[in-house]
file coords17.cif (mmCIF, C-alpha atoms and all ligand atoms)
data_data
#
loop_
_atom_site.label_atom_id
_atom_site.label_comp_id
_atom_site.auth_asym_id
_atom_site.auth_seq_id
_atom_site.Cartn_x
_atom_site.Cartn_y
_atom_site.Cartn_z
CA MET A 6 59.79 102.22 112.26
CA LYS A 7 57.79 99.22 111.02
CA LYS A 8 59.51 97.18 108.32
CA PHE A 9 57.77 97.24 104.96
CA VAL A 10 57.31 94.07 102.93
CA VAL A 11 55.87 94.99 99.56
CA ALA A 12 54.70 92.39 97.04
CA ASN A 13 54.71 93.39 93.40
CA TRP A 14 52.68 90.70 91.65
CA LYS A 15 53.22 92.35 88.26
CA MET A 16 50.86 90.74 85.68
CA ASN A 17 50.13 87.69 87.88
CA PRO A 18 48.24 85.51 88.59
CA GLY A 19 46.07 84.64 85.60
CA THR A 20 42.60 84.58 87.20
CA SER A 21 40.83 86.35 90.06
CA ARG A 22 40.24 83.00 91.74
CA GLU A 23 44.00 82.36 91.83
CA ALA A 24 44.62 85.92 93.04
CA LEU A 25 42.19 85.49 95.91
CA SER A 26 43.64 82.13 96.83
CA LEU A 27 47.24 83.49 96.86
CA PHE A 28 46.09 86.49 98.89
CA ARG A 29 44.27 84.35 101.45
CA SER A 30 47.20 82.05 102.00
CA VAL A 31 49.49 85.04 102.47
CA LYS A 32 47.00 86.61 104.88
CA ASN A 33 46.71 83.44 106.95
CA GLY A 34 50.47 83.37 107.41
CA PHE A 35 50.57 86.84 108.93
CA LYS A 36 48.24 86.59 111.86
CA ASN A 37 50.86 87.14 114.57
CA LEU A 38 53.60 89.10 112.88
CA LYS A 39 54.64 92.25 114.69
CA ASN A 40 56.52 95.33 113.45
CA ILE A 41 55.77 94.52 109.85
CA GLU A 42 53.63 96.35 107.30
CA ILE A 43 52.58 94.06 104.47
CA ILE A 44 51.54 95.75 101.24
CA ILE A 45 50.29 93.64 98.34
CA CYS A 46 50.22 95.26 94.90
CA PRO A 47 48.15 93.04 92.60
CA PRO A 48 47.10 93.80 89.02
CA SER A 49 44.45 96.54 89.25
CA ILE A 50 41.63 94.27 88.09
CA TYR A 51 41.94 92.29 91.35
CA ILE A 52 42.13 95.25 93.72
CA ALA A 53 38.40 95.54 94.51
CA GLU A 54 38.12 91.86 95.38
CA LEU A 55 41.22 91.81 97.59
CA VAL A 56 40.33 95.03 99.43
CA LYS A 57 37.11 93.37 100.64
CA ASP A 58 39.17 90.65 102.26
CA SER A 59 42.28 92.61 103.23
CA GLY A 60 42.27 92.57 107.05
CA ASN A 61 45.68 93.74 108.28
CA ILE A 62 47.21 93.65 104.84
CA LYS A 63 47.36 96.91 102.89
CA ILE A 64 46.61 97.05 99.21
CA GLY A 65 48.62 99.02 96.68
CA ALA A 66 48.35 99.56 92.94
CA GLN A 67 51.23 99.00 90.53
CA ASN A 68 50.62 102.19 88.57
CA LEU A 69 48.31 105.18 88.10
CA PHE A 70 47.81 107.71 85.36
CA TRP A 71 49.29 111.20 85.63
CA GLU A 72 46.11 113.09 84.73
CA ASN A 73 42.73 113.18 86.39
CA PRO A 74 39.20 112.80 84.98
CA PRO A 75 38.47 116.56 85.02
CA LYS A 76 40.79 116.79 81.98
CA GLY A 77 38.08 114.92 80.05
CA GLY A 78 38.93 111.36 81.00
CA ALA A 79 40.05 110.74 77.42
CA PHE A 80 42.88 108.39 78.32
CA THR A 81 41.83 104.98 77.05
CA GLY A 82 42.98 102.13 79.22
CA GLU A 83 44.33 104.26 82.06
CA ILE A 84 43.32 104.33 85.74
CA SER A 85 43.25 107.53 87.81
CA ALA A 86 44.37 108.25 91.36
CA LYS A 87 40.79 109.06 92.25
CA GLN A 88 39.58 105.67 91.01
CA LEU A 89 42.31 103.77 92.88
CA LYS A 90 41.62 105.62 96.10
CA ALA A 91 37.88 104.93 95.73
CA LEU A 92 38.69 101.22 95.37
CA GLY A 93 40.54 101.25 98.68
CA CYS A 94 44.18 101.50 97.65
CA GLU A 95 46.43 103.05 100.27
CA PHE A 96 49.69 102.75 98.34
CA VAL A 97 50.79 102.93 94.73
CA ILE A 98 54.06 101.92 93.06
CA VAL A 99 55.50 104.58 90.77
CA GLY A 100 58.58 104.62 88.58
CA HIS A 101 59.09 100.90 88.09
CA SER A 102 61.85 100.36 85.53
CA GLU A 103 59.62 98.02 83.52
CA ARG A 104 57.25 100.94 82.93
CA LYS A 105 60.14 103.13 81.86
CA ILE A 106 61.53 100.47 79.51
CA HIS A 107 58.30 99.18 77.96
CA PHE A 108 56.11 102.28 78.10
CA GLY A 109 58.65 105.09 77.89
CA GLU A 110 57.64 106.56 81.23
CA THR A 111 59.67 109.65 82.16
CA ASN A 112 60.71 111.18 85.49
CA SER A 113 58.44 114.15 84.86
CA GLN A 114 55.43 111.84 84.40
CA ILE A 115 56.45 109.98 87.56
CA ASN A 116 56.58 113.32 89.36
CA LYS A 117 53.00 114.08 88.26
CA LYS A 118 51.89 110.62 89.38
CA ILE A 119 53.43 111.13 92.83
CA LYS A 120 51.64 114.47 93.21
CA LEU A 121 48.29 112.93 92.26
CA ALA A 122 48.75 109.93 94.54
CA LEU A 123 49.48 112.29 97.45
CA LYS A 124 46.56 114.52 96.57
CA TYR A 125 44.23 111.53 96.84
CA GLY A 126 45.74 110.32 100.10
CA MET A 127 47.77 107.37 98.84
CA ARG A 128 51.41 106.78 99.74
CA PRO A 129 53.61 106.51 96.64
CA ILE A 130 56.33 103.86 96.61
CA LEU A 131 58.96 105.45 94.38
CA LEU A 132 61.33 103.05 92.62
CA PHE A 133 64.67 104.14 91.22
CA GLY A 134 68.02 102.59 90.37
CA GLU A 135 70.68 102.20 87.74
CA ASN A 136 70.73 99.86 84.73
CA THR A 137 73.53 97.50 83.69
CA ILE A 138 75.42 100.03 81.57
CA GLU A 139 75.18 102.76 84.21
CA LYS A 140 76.49 100.30 86.80
CA LYS A 141 79.38 99.32 84.54
CA ASN A 142 80.22 102.98 84.02
CA LYS A 143 80.11 103.60 87.78
CA GLN A 144 77.29 106.13 87.39
CA THR A 145 74.97 104.62 90.01
CA LYS A 146 74.96 107.57 92.43
CA LYS A 147 74.73 110.17 89.67
CA VAL A 148 71.77 108.33 88.10
CA ILE A 149 69.98 107.97 91.43
CA LEU A 150 70.53 111.64 92.26
CA GLY A 151 68.97 112.69 88.94
CA GLN A 152 66.01 110.34 89.33
CA ILE A 153 65.27 111.41 92.90
CA LYS A 154 65.55 115.13 92.16
CA GLU A 155 63.31 114.99 89.09
CA CYS A 156 60.73 112.64 90.57
CA LEU A 157 60.47 114.64 93.81
CA ALA A 158 60.54 118.10 92.21
CA GLU A 159 58.15 120.65 93.75
CA ILE A 160 56.59 118.22 96.17
CA LYS A 161 55.43 119.91 99.35
CA LYS A 162 57.79 119.39 102.28
CA SER A 163 54.92 118.19 104.43
CA ASP A 164 54.14 115.49 101.84
CA LEU A 165 57.65 114.13 101.41
CA ALA A 166 57.53 112.01 104.56
CA LYS A 167 54.55 110.12 103.10
CA ILE A 168 56.68 108.80 100.25
CA ILE A 169 58.39 105.42 100.47
CA LEU A 170 61.63 105.13 98.52
CA ALA A 171 62.75 101.84 97.03
CA TYR A 172 66.21 101.33 95.55
CA GLU A 173 65.80 98.72 92.84
CA PRO A 174 68.74 98.33 90.45
CA VAL A 175 67.37 97.40 87.03
CA TRP A 176 69.99 94.66 86.53
CA ALA A 177 68.97 92.99 89.82
CA ILE A 178 65.34 92.41 88.83
CA GLY A 179 64.12 88.94 87.91
CA GLY A 180 64.87 86.75 90.90
CA GLU A 181 68.41 85.69 90.06
CA SER A 182 70.94 88.45 90.64
CA ALA A 183 70.36 90.36 93.86
CA CYS A 184 72.56 93.30 94.80
CA PHE A 185 75.33 92.75 97.38
CA VAL A 186 74.31 93.81 100.86
CA GLU A 187 77.43 96.05 101.12
CA ASP A 188 76.40 97.91 97.98
CA VAL A 189 72.85 98.43 99.24
CA TYR A 190 74.30 99.73 102.52
CA GLU A 191 76.41 102.23 100.62
CA ILE A 192 73.39 103.40 98.61
CA ASN A 193 71.28 103.70 101.76
CA LEU A 194 73.93 105.95 103.35
CA PHE A 195 74.17 107.97 100.17
CA LEU A 196 70.38 108.42 100.08
CA LYS A 197 70.07 109.41 103.72
CA ASN A 198 72.86 112.01 103.27
CA LEU A 199 71.29 113.26 100.08
CA ILE A 200 67.88 113.69 101.69
CA ALA A 201 69.39 115.36 104.76
CA LYS A 202 71.27 117.81 102.52
CA GLU A 203 68.53 118.50 99.96
CA TYR A 204 65.55 118.45 102.33
CA SER A 205 66.11 117.95 106.06
CA VAL A 206 67.76 115.69 108.63
CA ASN A 207 64.34 115.02 110.08
CA LEU A 208 63.05 113.74 106.73
CA ALA A 209 66.18 111.60 106.23
CA GLU A 210 65.40 109.90 109.54
CA LYS A 211 61.72 109.44 108.76
CA ILE A 212 61.51 108.47 105.10
CA PRO A 213 61.59 104.68 104.58
CA VAL A 214 64.13 103.35 102.08
CA LEU A 215 63.48 99.81 100.85
CA TYR A 216 65.51 97.47 98.68
CA GLY A 217 64.09 95.59 95.68
CA GLY A 218 65.62 93.20 93.15
CA SER A 219 65.68 89.40 93.50
CA VAL A 220 64.74 89.47 97.18
CA ASN A 221 64.05 86.01 98.63
CA SER A 222 63.81 84.32 102.02
CA LYS A 223 67.58 83.70 102.11
CA ASN A 224 68.76 87.25 101.46
CA ALA A 225 65.94 89.46 102.86
CA PHE A 226 67.20 89.64 106.45
CA GLY A 227 70.63 90.89 105.35
CA TYR A 228 69.15 93.93 103.65
CA ILE A 229 67.49 94.93 106.91
CA ALA A 230 70.06 93.87 109.47
CA ASP A 231 73.28 94.71 107.58
CA ALA A 232 72.32 97.14 104.82
CA MET A 233 69.95 99.08 107.12
CA SER A 234 67.07 99.10 104.64
CA ASP A 235 63.61 99.76 106.05
CA GLY A 236 61.99 96.94 104.14
CA VAL A 237 61.98 95.01 100.89
CA LEU A 238 60.05 95.02 97.65
CA VAL A 239 59.51 91.52 96.33
CA GLY A 240 58.59 90.50 92.78
CA SER A 241 58.95 86.85 91.74
CA ALA A 242 59.25 85.49 95.28
CA SER A 243 55.93 87.12 96.25
CA LEU A 244 54.05 84.72 93.96
CA SER A 245 54.69 81.87 96.38
CA SER A 246 52.81 82.47 99.63
CA LEU A 247 55.23 80.22 101.53
CA GLU A 248 58.29 82.10 100.31
CA PHE A 249 56.68 85.49 100.87
CA ILE A 250 55.64 84.57 104.41
CA LYS A 251 59.19 83.35 105.13
CA ILE A 252 60.55 86.70 103.96
CA ALA A 253 58.18 88.63 106.21
CA LYS A 254 58.91 86.35 109.17
CA SER A 255 62.64 86.86 108.75
CA LEU A 256 62.11 90.64 108.79
CA SER A 257 59.93 90.55 111.87
CA LYS A 258 62.94 89.21 113.78
CA SER A 259 65.09 92.22 112.91
CA ARG A 260 65.83 95.16 115.24
P1 LIG A 301 62.07 90.50 91.49
O1 LIG A 301 61.20 91.75 91.00
O2 LIG A 301 61.90 90.38 92.97
O3 LIG A 301 61.54 89.34 90.73
O4 LIG A 301 63.50 90.81 91.12
C1 LIG A 301 61.18 92.94 91.71
C2 LIG A 301 60.42 94.00 90.95
O5 LIG A 301 60.63 94.13 89.74
O6 LIG A 301 59.61 94.73 91.52
#

call {"tool": "encode", "arguments": {"input": "coords17.cif", "output": "structure tokens"}}
result
Amino acid sequence: MKKFVVANWKMNPGTSREALSLFRSVKNGFKNLKNIEIIICPPSIYIAELVKDSGNIKIGAQNLFWENPPKGGAFTGEISAKQLKALGCEFVIVGHSERKIHFGETNSQINKKIKLALKYGMRPILLFGENTIEKKNKQTKKVILGQIKECLAEIKKSDLAKIILAYEPVWAIGGESACFVEDVYEINLFLKNLIAKEYSVNLAEKIPVLYGGSVNSKNAFGYIADAMSDGVLVGSASLSSLEFIKIAKSLSKSR
């Protein structure tokens, strides 16, 4: 399986000129990288511009709305799956903890978003993970189980393999407190067993499971080589093309 390197630019950078310049320097660094799938998720206002120039890099959105225009389109400020697909998005992040915290997003809304993304031929990147209190109370696995079951409810078996899972503990986000490799390994095993039990062994083998949360060029390789993750999701470190390229290069050397 190719290793995924996903950049979540969040609400950066400040202008489309800066976005294009960051994108181009990332793109130039990737000419000869093998076994790596690079997915850049910029703010949606930059998607159209970057798609034109994307080359081997795939473009993803950071969010989509859980209804579609046929319902009247009366959802001020929102962007539909249909619109993202028409722009050229192939992937879309769903379930980021910042959306849950700041916008009250629920697992049932995330479930609807996943279904719409799949309907329009985009691969959802589903984020999940425990917060500080849940970690302290040793509820990590219970929390993850609940999130996965609710977010993946009633999704067609044939569609499940198109989903990319990303374990991203809420407390690890921000660039300063990454999760221990041993803990990510334990979660990866837990997830693979869970998927094998709830769905199928075949799906457990196929579905990519990434790690996100303070990933940088020093720790990225460990998540792949030792924790057996299938890729990384990078926030802050993806805003420096040099650092992001280093991360991808380190992954291209893995198994
Ligand atoms: P980080 O962000 O790499 O800065 O921790 C990751 C994310 O929130 O997607």

call {"tool": "closest_residue", "arguments": {"input": "coords17.cif", "among": "A:Ala201, A:Ile119, A:Ala12, A:Met6", "to": "Gly217 in chain A", "atoms": "all atoms listed in the file"}}
result
A:Ala12

call {"tool": "residues_near_ligand", "arguments": {"input": "coords17.cif", "ligand": "ligand LIG 301 (chain A)", "cutoff": "6 Å", "atoms": "all atoms listed in the file", "output": "PyMOL selection string"}}
result
chain A and resi 13+178-180+217-220+239-241

call {"tool": "residues_near_point", "arguments": {"input": "coords17.cif", "point": "(40.9, 109.6, 91.6)", "cutoff": "10 Å", "atoms": "all atoms listed in the file", "output": "tab-separated table (two decimals) with C-alpha atoms, keeping the file's coordinate frame"}}
result
chain	number	residue	atom	x	y	z
A	69	LEU	CA	48.31	105.18	88.10
A	70	PHE	CA	47.81	107.71	85.36
A	72	GLU	CA	46.11	113.09	84.73
A	73	ASN	CA	42.73	113.18	86.39
A	74	PRO	CA	39.20	112.80	84.98
A	75	PRO	CA	38.47	116.56	85.02
A	84	ILE	CA	43.32	104.33	85.74
A	85	SER	CA	43.25	107.53	87.81
A	86	ALA	CA	44.37	108.25	91.36
A	87	LYS	CA	40.79	109.06	92.25
A	88	GLN	CA	39.58	105.67	91.01
A	89	LEU	CA	42.31	103.77	92.88
A	90	LYS	CA	41.62	105.62	96.10
A	91	ALA	CA	37.88	104.93	95.73
A	92	LEU	CA	38.69	101.22	95.37
A	121	LEU	CA	48.29	112.93	92.26
A	122	ALA	CA	48.75	109.93	94.54
A	124	LYS	CA	46.56	114.52	96.57
A	125	TYR	CA	44.23	111.53	96.84
A	126	GLY	CA	45.74	110.32	100.10

call {"tool": "residues_around", "arguments": {"input": "coords17.cif", "residues": "Ile41 in chain A", "least_positions_apart": "5", "cutoff": "10 Å", "atoms": "only C-alpha atoms", "output": "PyMOL selection string"}}
result
chain A and resi 6-10+35+62+236+253-254+256-258

call {"tool": "closest_atom_pairs", "arguments": {"input": "coords17.cif", "of": "range 132-203 of chain A", "to": "range 95-101 of chain A", "cutoff": "9 Å", "atoms": "only C-alpha atoms", "output": "CSV"}}
result
residue,atom,partner,partner_atom,distance
A:Leu132,CA,A:Gly100,CA,5.1
A:Phe133,CA,A:Gly100,CA,6.7
A:Cys156,CA,A:Gly100,CA,8.5
A:Glu173,CA,A:His101,CA,8.5

call {"tool": "closest_residue", "arguments": {"input": "coords17.cif", "among": "A:Ile43, A:Ile160, A:Val148, A:Ile252", "to": "Val11 in chain A", "atoms": "all atoms listed in the file"}}
result
A:Ile43

call {"tool": "closest_residue", "arguments": {"input": "coords17.cif", "among": "A:Pro18, A:Gly60, A:Gly227, A:Gly82", "to": "Lys36 in chain A", "atoms": "only C-alpha atoms"}}
result
A:Gly60

call {"tool": "closest_residue", "arguments": {"input": "coords17.cif", "among": "A:Trp176, A:Ser259, A:Ile153, A:Glu181", "to": "Ile200 in chain A", "atoms": "all atoms listed in the file"}}
result
A:Ile153

call {"tool": "atom_distance", "arguments": {"input": "coords17.cif", "atom1": "CA of Lys118 in chain A", "atom2": "CA of Trp71 in chain A"}}
result
4.6 Å

call {"tool": "atom_distance", "arguments": {"input": "coords17.cif", "atom1": "CA of Glu191 in chain A", "atom2": "CA of Tyr228 in chain A"}}
result
11.4 Å

call {"tool": "atom_distance", "arguments": {"input": "coords17.cif", "atom1": "CA of Pro48 in chain A", "atom2": "CA of Thr20 in chain A"}}
result
10.4 Å

call {"tool": "residues_around", "arguments": {"input": "coords17.cif", "residues": "Ser26 in chain A", "least_positions_apart": "4", "cutoff": "12 Å", "atoms": "all atoms listed in the file", "output": "list in words"}}
result
Pro18, Gly19, Thr20, Ser21, Arg22, Ser30, Val31, Lys32, Asn33, Tyr51, Glu54, Leu55, Asp58, Leu244, Ser245 and Ser246 of chain A

call {"tool": "closest_residue", "arguments": {"input": "coords17.cif", "among": "A:Lys117, A:Lys63, A:Arg104, A:Lys57", "to": "Ala158 in chain A", "atoms": "only C-alpha atoms"}}
result
A:Lys117

call {"tool": "axis_aligned_box", "arguments": {"input": "coords17.cif", "around": "range 129-142 of chain A", "padding_each_side": "6 Å", "output": "JSON"}}
result
{"center_x": 66.9, "center_y": 102.0, "center_z": 89.1, "size_x": 38.6, "size_y": 21.0, "size_z": 27.1}

call {"tool": "closest_residue", "arguments": {"input": "coords17.cif", "among": "A:Pro47, A:Gly78, A:Gly134, A:Gly151", "to": "Ser102 in chain A", "atoms": "all atoms listed in the file"}}
result
A:Gly134

call {"tool": "decode", "arguments": {"input": "coords17.cif", "residues": "range 48-75 of chain A", "atoms": "N, CA, C and O atoms", "output": "compact mmCIF listing (two decimals), in the first residue's frame"}}
result
# COMPACT_ATOMS: atom_id res chain seq x y z
N PRO A 48 -7.59 25.59 2.45
CA PRO A 48 -8.90 26.19 2.65
C PRO A 48 -9.67 26.11 1.31
O PRO A 48 -9.05 26.22 0.24
N SER A 49 -10.97 25.95 1.37
CA SER A 49 -11.73 25.68 0.13
C SER A 49 -11.61 26.79 -0.91
O SER A 49 -11.70 26.52 -2.11
N ILE A 50 -11.39 28.03 -0.46
CA ILE A 50 -11.30 29.12 -1.45
C ILE A 50 -10.08 28.99 -2.37
O ILE A 50 -10.01 29.64 -3.40
N TYR A 51 -9.10 28.16 -1.99
CA TYR A 51 -7.91 28.00 -2.84
C TYR A 51 -7.97 26.75 -3.73
O TYR A 51 -7.08 26.52 -4.55
N ILE A 52 -8.98 25.92 -3.50
CA ILE A 52 -9.00 24.62 -4.17
C ILE A 52 -8.92 24.75 -5.70
O ILE A 52 -8.09 24.12 -6.35
N ALA A 53 -9.79 25.60 -6.27
CA ALA A 53 -9.87 25.69 -7.74
C ALA A 53 -8.50 26.03 -8.34
O ALA A 53 -8.07 25.43 -9.32
N GLU A 54 -7.83 26.97 -7.72
CA GLU A 54 -6.53 27.42 -8.21
C GLU A 54 -5.48 26.30 -8.13
O GLU A 54 -4.72 26.08 -9.06
N LEU A 55 -5.48 25.58 -7.00
CA LEU A 55 -4.46 24.54 -6.82
C LEU A 55 -4.74 23.32 -7.70
O LEU A 55 -3.80 22.68 -8.18
N VAL A 56 -6.01 23.01 -7.93
CA VAL A 56 -6.35 21.86 -8.77
C VAL A 56 -5.75 22.04 -10.17
O VAL A 56 -5.21 21.10 -10.75
N LYS A 57 -5.80 23.28 -10.67
CA LYS A 57 -5.28 23.57 -12.02
C LYS A 57 -3.82 23.20 -12.15
O LYS A 57 -3.32 22.88 -13.21
N ASP A 58 -3.11 23.27 -11.01
CA ASP A 58 -1.66 23.14 -11.01
C ASP A 58 -1.21 21.85 -10.32
O ASP A 58 -0.05 21.69 -10.00
N SER A 59 -2.16 20.91 -10.08
CA SER A 59 -1.87 19.88 -9.07
C SER A 59 -0.88 18.78 -9.48
O SER A 59 -0.20 18.23 -8.62
N GLY A 60 -0.79 18.45 -10.76
CA GLY A 60 0.16 17.40 -11.17
C GLY A 60 -0.09 16.10 -10.43
O GLY A 60 -1.22 15.61 -10.38
N ASN A 61 0.96 15.56 -9.78
CA ASN A 61 0.81 14.29 -9.06
C ASN A 61 0.21 14.43 -7.68
O ASN A 61 -0.03 13.45 -6.99
N ILE A 62 0.04 15.66 -7.25
CA ILE A 62 -0.49 15.87 -5.90
C ILE A 62 -2.01 15.87 -5.94
O ILE A 62 -2.62 16.44 -6.85
N LYS A 63 -2.62 15.20 -4.97
CA LYS A 63 -4.08 15.15 -4.92
C LYS A 63 -4.58 16.28 -4.00
O LYS A 63 -3.91 16.66 -3.05
N ILE A 64 -5.77 16.75 -4.34
CA ILE A 64 -6.33 17.84 -3.54
C ILE A 64 -7.53 17.33 -2.74
O ILE A 64 -8.39 16.62 -3.26
N GLY A 65 -7.56 17.73 -1.47
CA GLY A 65 -8.68 17.38 -0.61
C GLY A 65 -9.26 18.63 0.02
O GLY A 65 -8.60 19.66 0.11
N ALA A 66 -10.53 18.53 0.44
CA ALA A 66 -11.14 19.64 1.18
C ALA A 66 -11.03 19.34 2.67
O ALA A 66 -10.75 18.21 3.07
N GLN A 67 -11.24 20.37 3.48
CA GLN A 67 -11.15 20.18 4.94
C GLN A 67 -12.51 19.90 5.57
O GLN A 67 -12.61 19.61 6.76
N ASN A 68 -13.56 20.04 4.75
CA ASN A 68 -14.91 19.88 5.29
C ASN A 68 -15.90 19.86 4.13
O ASN A 68 -15.55 20.26 3.01
N LEU A 69 -17.11 19.39 4.39
CA LEU A 69 -18.21 19.52 3.43
C LEU A 69 -19.48 19.59 4.24
O LEU A 69 -19.48 19.29 5.44
N PHE A 70 -20.57 20.01 3.60
CA PHE A 70 -21.82 20.06 4.34
C PHE A 70 -22.54 18.73 4.20
O PHE A 70 -22.35 18.00 3.24
N TRP A 71 -23.42 18.43 5.18
CA TRP A 71 -24.08 17.12 5.21
C TRP A 71 -25.41 17.08 4.47
O TRP A 71 -26.12 16.09 4.52
N GLU A 72 -25.77 18.16 3.78
CA GLU A 72 -26.95 18.11 2.92
C GLU A 72 -26.52 18.49 1.52
O GLU A 72 -25.44 19.04 1.32
N ASN A 73 -27.42 18.28 0.58
CA ASN A 73 -27.10 18.57 -0.81
C ASN A 73 -28.04 19.63 -1.37
O ASN A 73 -29.15 19.78 -0.88
N PRO A 74 -27.67 20.34 -2.41
CA PRO A 74 -28.52 21.39 -2.96
C PRO A 74 -29.98 21.02 -3.22
O PRO A 74 -30.83 21.86 -3.02
N PRO A 75 -30.32 19.77 -3.61
CA PRO A 75 -31.74 19.50 -3.84
C PRO A 75 -32.63 19.84 -2.65
O PRO A 75 -33.80 20.10 -2.80
